[in-house]
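Visitor: This is the structure I want to talk about, given as structure tokens.
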Amino acid sequence: MRIGVFDSGAGGLSVVKSLIESKLFKEIIYYGDTARVPYGTKDKNTIIRYSLEALEFFNNFDIDLLITACNTVSAYALDEMNIQSSYPVLGVIKSGVMAVENHYIKKDEPILIIATRATISSSRYQDALSKLGYTNITAIQTGLFVPLVEEGIFSGEILNATMRHYFNNISTPKAIILGCTHFPLISSALEDYFNKKPMLIHSGEAIVEYLKEHNSLEEIESETKLKIFASDNVVGLREIANRWLFNINS
Ligand code: DGL
């Protein structure tokens, strides 16, 4: 299977990491809209327009499935993208919600959703969880984490201060949905902040679980090939990929 992965920028590489580790795919074509990131501060119509424009990029490749690693795109543009594409387009919200169920979080246990302003405002996670009967949901816009991760800040005082700023009045949740591509990179800091108590739901791991459950895919023998493209500074994006995915510093 050859799949496309679309993200607003570099963050979707955190999802690619899980997809590569899953060994389910022959080839991954990654496209990051680095010229226009962030999407999480834009309004609905802009997010939909940018996402549909990204489909034009993937028309150059014969892909079987497109995964929108970006939570913000998943929150707003999936229906429009599915109407306009000849292959299925899968977001990360449904699978993230499924992961909460799969991890046996009880309906009244506290769940914290952290994501961009746009994703939280869409209420997609909150609505999907409420529909399943979860009653103790807190959703916070934590957009400042995005530039910190982009700067390579995964620990330390600035990040700790930002966590204190956002989580000051939050008691320790049972699960945290990392509703943004960038947040898996600060997983350890989040775990430390909450004394390792909450379970962290990661979009990449959740989508792999979802695909295994719904698409009956089997592991392949060979390594997954990865091709990376971007709307701006593709060299910079490939360097980030080397660091995040393969621990290679160039
Ligand atoms: N990729 C975005 C998301 O997962 C975060 C970065 C952005 O705002 O574009 O929501």
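Labeling convention for the structure tokens: chains A, B, ... as they appear, residues from 1 per chain, ligands from 1 in order of appearance.
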List as a list of chain:residue names the protein and nucleic acid residues lying within 7 Å of ligand 1, with only C-alpha atoms and all ligand atoms counted.
Guide: A:Asp7, A:Ser8, A:Gly9, A:Gly11, A:Gly12, A:Val37, A:Pro38, A:Tyr39, A:Gly40, A:Thr41, A:Ala69, A:Cys70, A:Asn71, A:Thr72, A:Val73, A:Ala115, A:Thr116, A:Thr119, A:Val146, A:Gly179, A:Cys180, A:Thr181, A:His182
Visitor: Only all heavy atoms, please: the residues just picked out, written as a tab-separated table (two decimals), in the first residue's frame.
Guide:
chain	number	residue	atom	x	y	z
A	7	ASP	N	0.19	17.15	6.35
A	7	ASP	CA	0.18	17.95	7.57
A	7	ASP	C	0.42	19.41	7.20
A	7	ASP	O	0.94	19.72	6.13
A	7	ASP	CB	1.26	17.47	8.55
A	7	ASP	CG	1.19	18.24	9.86
A	7	ASP	OD1	0.10	18.31	10.45
A	7	ASP	OD2	2.20	18.83	10.27
A	8	SER	N	0.07	20.28	8.14
A	8	SER	CA	0.30	21.71	7.92
A	8	SER	C	1.80	22.03	7.88
A	8	SER	O	2.19	23.07	7.38
A	8	SER	CB	-0.37	22.51	9.03
A	8	SER	OG	0.09	22.04	10.29
A	9	GLY	N	2.62	21.15	8.43
A	9	GLY	CA	4.07	21.45	8.44
A	9	GLY	C	4.86	20.22	8.81
A	9	GLY	O	4.68	19.15	8.21
A	11	GLY	N	4.99	18.82	11.97
A	11	GLY	CA	4.46	18.06	13.11
A	11	GLY	C	3.96	16.67	12.74
A	11	GLY	O	4.10	15.72	13.52
A	12	GLY	N	3.42	16.53	11.53
A	12	GLY	CA	2.86	15.24	11.11
A	12	GLY	C	3.90	14.14	11.05
A	12	GLY	O	3.56	12.95	10.96
A	37	VAL	N	2.03	27.02	7.45
A	37	VAL	CA	1.84	26.60	8.83
A	37	VAL	C	1.92	27.87	9.72
A	37	VAL	O	2.67	28.79	9.37
A	37	VAL	CB	2.94	25.57	9.22
A	37	VAL	CG1	4.31	26.16	9.28
A	37	VAL	CG2	2.58	24.84	10.50
A	38	PRO	N	1.20	28.03	10.80
A	38	PRO	CA	0.26	27.08	11.39
A	38	PRO	C	-1.14	27.19	10.82
A	38	PRO	O	-1.57	28.28	10.40
A	38	PRO	CB	0.27	27.51	12.86
A	38	PRO	CG	0.46	28.98	12.82
A	38	PRO	CD	1.37	29.24	11.63
A	39	TYR	N	-1.85	26.07	10.82
A	39	TYR	CA	-3.26	26.06	10.46
A	39	TYR	C	-4.14	26.31	11.69
A	39	TYR	O	-5.26	26.77	11.57
A	39	TYR	CB	-3.66	24.69	9.89
A	39	TYR	CG	-3.27	24.42	8.45
A	39	TYR	CD1	-2.29	25.16	7.78
A	39	TYR	CD2	-3.89	23.39	7.75
A	39	TYR	CE1	-1.95	24.87	6.47
A	39	TYR	CE2	-3.56	23.11	6.43
A	39	TYR	CZ	-2.58	23.83	5.80
A	39	TYR	OH	-2.26	23.55	4.50
A	40	GLY	N	-3.61	25.95	12.85
A	40	GLY	CA	-4.42	25.94	14.08
A	40	GLY	C	-4.90	27.31	14.54
A	40	GLY	O	-5.74	27.40	15.42
A	41	THR	N	-4.37	28.37	13.93
A	41	THR	CA	-4.82	29.71	14.28
A	41	THR	C	-5.72	30.30	13.19
A	41	THR	O	-6.18	31.43	13.30
A	41	THR	CB	-3.60	30.64	14.43
A	41	THR	OG1	-2.82	30.54	13.23
A	41	THR	CG2	-2.73	30.26	15.61
A	69	ALA	N	-2.56	13.85	9.03
A	69	ALA	CA	-1.96	13.76	10.37
A	69	ALA	C	-2.35	14.96	11.22
A	69	ALA	O	-2.37	14.90	12.44
A	69	ALA	CB	-0.44	13.71	10.23
A	70	CYS	N	-2.67	16.05	10.56
A	70	CYS	CA	-2.98	17.31	11.23
A	70	CYS	C	-4.37	17.23	11.88
A	70	CYS	O	-5.38	16.99	11.20
A	70	CYS	CB	-2.95	18.43	10.20
A	70	CYS	SG	-3.25	20.05	10.88
A	71	ASN	N	-4.42	17.44	13.18
A	71	ASN	CA	-5.70	17.42	13.89
A	71	ASN	C	-6.61	18.55	13.41
A	71	ASN	O	-7.82	18.38	13.33
A	71	ASN	CB	-5.47	17.58	15.39
A	71	ASN	CG	-4.97	16.30	16.03
A	71	ASN	OD1	-5.74	15.54	16.61
A	71	ASN	ND2	-3.69	16.03	15.92
A	72	THR	N	-6.01	19.68	13.13
A	72	THR	CA	-6.80	20.84	12.71
A	72	THR	C	-7.51	20.55	11.38
A	72	THR	O	-8.70	20.83	11.20
A	72	THR	CB	-5.88	22.08	12.58
A	72	THR	OG1	-5.21	22.26	13.83
A	72	THR	CG2	-6.65	23.32	12.23
A	73	VAL	N	-6.78	19.96	10.44
A	73	VAL	CA	-7.38	19.57	9.15
A	73	VAL	C	-8.44	18.49	9.40
A	73	VAL	O	-9.54	18.54	8.84
A	73	VAL	CB	-6.28	19.06	8.17
A	73	VAL	CG1	-6.91	18.43	6.93
A	73	VAL	CG2	-5.33	20.18	7.79
A	115	ALA	N	-5.03	20.84	22.34
A	115	ALA	CA	-4.95	20.98	20.88
A	115	ALA	C	-4.86	22.46	20.51
A	115	ALA	O	-4.83	23.33	21.39
A	115	ALA	CB	-6.19	20.34	20.25
A	116	THR	N	-4.84	22.71	19.22
A	116	THR	CA	-4.79	24.10	18.75
A	116	THR	C	-6.15	24.79	19.00
A	116	THR	O	-7.15	24.12	19.26
A	116	THR	CB	-4.52	24.17	17.23
A	116	THR	OG1	-5.61	23.52	16.54
A	116	THR	CG2	-3.20	23.52	16.86
A	119	THR	N	-8.82	23.39	16.57
A	119	THR	CA	-9.32	22.04	16.89
A	119	THR	C	-10.25	22.08	18.10
A	119	THR	O	-11.32	21.48	18.09
A	119	THR	CB	-8.13	21.06	17.15
A	119	THR	OG1	-7.33	21.02	15.97
A	119	THR	CG2	-8.61	19.66	17.47
A	146	VAL	N	3.12	24.62	20.22
A	146	VAL	CA	3.50	24.38	18.81
A	146	VAL	C	4.84	25.07	18.47
A	146	VAL	O	5.79	24.40	18.04
A	146	VAL	CB	2.36	24.79	17.84
A	146	VAL	CG1	2.82	24.71	16.40
A	146	VAL	CG2	1.14	23.90	18.06
A	179	GLY	N	-4.01	16.21	21.08
A	179	GLY	CA	-4.80	16.52	19.89
A	179	GLY	C	-4.09	17.44	18.92
A	179	GLY	O	-4.73	18.29	18.29
A	180	CYS	N	-2.80	17.30	18.81
A	180	CYS	CA	-2.00	18.13	17.91
A	180	CYS	C	-0.73	17.35	17.57
A	180	CYS	O	-0.14	16.71	18.46
A	180	CYS	CB	-1.66	19.44	18.60
A	180	CYS	SG	-0.49	20.45	17.69
A	181	THR	N	-0.38	17.41	16.30
A	181	THR	CA	0.77	16.64	15.82
A	181	THR	C	2.06	16.85	16.62
A	181	THR	O	2.88	15.97	16.72
A	181	THR	CB	1.07	17.04	14.37
A	181	THR	OG1	1.06	18.46	14.29
A	181	THR	CG2	0.09	16.43	13.41
A	182	HIS	N	2.23	18.06	17.15
A	182	HIS	CA	3.50	18.40	17.81
A	182	HIS	C	3.64	17.82	19.21
A	182	HIS	O	4.73	17.70	19.73
A	182	HIS	CB	3.63	19.92	17.92
A	182	HIS	CG	3.84	20.61	16.62
A	182	HIS	ND1	2.96	20.49	15.58
A	182	HIS	CD2	4.85	21.41	16.18
A	182	HIS	CE1	3.41	21.22	14.56
A	182	HIS	NE2	4.56	21.77	14.90
Visitor: As an NGL selection string, which residues of stretch 11-130 of chain A does DSSP assign to alpha helix (DSSP H)?
Guide: :A and (13-22 or 44-58 or 71-76 or 78-84 or 93-102 or 117-122 or 124-130)
Visitor: Return the single residue from A:Phe183, A:Lys107, A:Leu65, A:Lys174 that is closest to A:Gly143, with distances computed using only C-alpha atoms.
Guide: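 Looking only at the distances to A:Gly143, the closest residue turns out to be A:Phe183.
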Visitor: As a list in words, please: every residue in stretch 61-190 of chain A that DSSP puts in strand (DSSP E or B).
Guide: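 Residues meeting the strand (DSSP E or B) criterion: Leu65, Leu66, Ile67, Thr68, Val89, Leu90, Ile111, Leu112, Ile113, Ile114, Ala115, Ile137, Thr138, Ala139, Ile140, Gln141, Ala175, Ile176, Ile177, Leu178 and Gly179 of chain A.
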Visitor: Give me the residues within 10 Å of A:Met163 as a ChimeraX atom specification, counting only C-alpha atoms and dropping any in the same chain fewer than 2 places off.
Guide: /A:142,144-145,157-161,165-168,189-190,193
Visitor: Hey, what's within 10 Å of A:Ser85 if we count only C-alpha atoms and toss same-chain stuff fewer than 5 positions away? As a list of chain:residue names, please?
Guide: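 Counting only C-alpha atoms, the residues come to A:Leu52, A:Leu55, A:Glu56, A:Phe58, A:Asn59, A:Leu65, A:Leu66, A:Glu80.
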Visitor: Could you tell me how far atom CA of A:Thr162 lies from atom CA of A:Ile186, in Å and to one decimal?
Guide: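 Atom CA of A:Ile186 lies 11.8 Å from atom CA of A:Thr162.
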Visitor: What does the distance from atom CA of A:Ile140 to atom CA of A:Leu185 come to in Å, to one decimal?
Guide: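 Computed distance, atom CA of A:Ile140 to atom CA of A:Leu185, equals 18.1 Å.
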Visitor: Can you list, as a ChimeraX atom specification, every protein, DNA or RNA residue that comes within 7 Å of A:Ile28 when you count only C-alpha atoms, leaving out same-chain residues fewer than 6 positions away?
Guide: /A:2-5,225-227
Visitor: Give me, as a ChimeraX atom specification, all polymer residues having an atom no more than 12 Å from A:Met98, counting only C-alpha atoms and skipping those fewer than 5 positions away in the same chain.
Guide: /A:92-93,103-105,125,128-129,132,177,201-203,205-211,213-214
Visitor: Which residue out of A:Ile248, A:Ile220, A:Ile47, A:Ile137 has the minimum interatomic distance to A:Glu27 when only C-alpha atoms are used?
Guide: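 The shortest atom-to-atom distance to A:Glu27 comes from A:Ile220.
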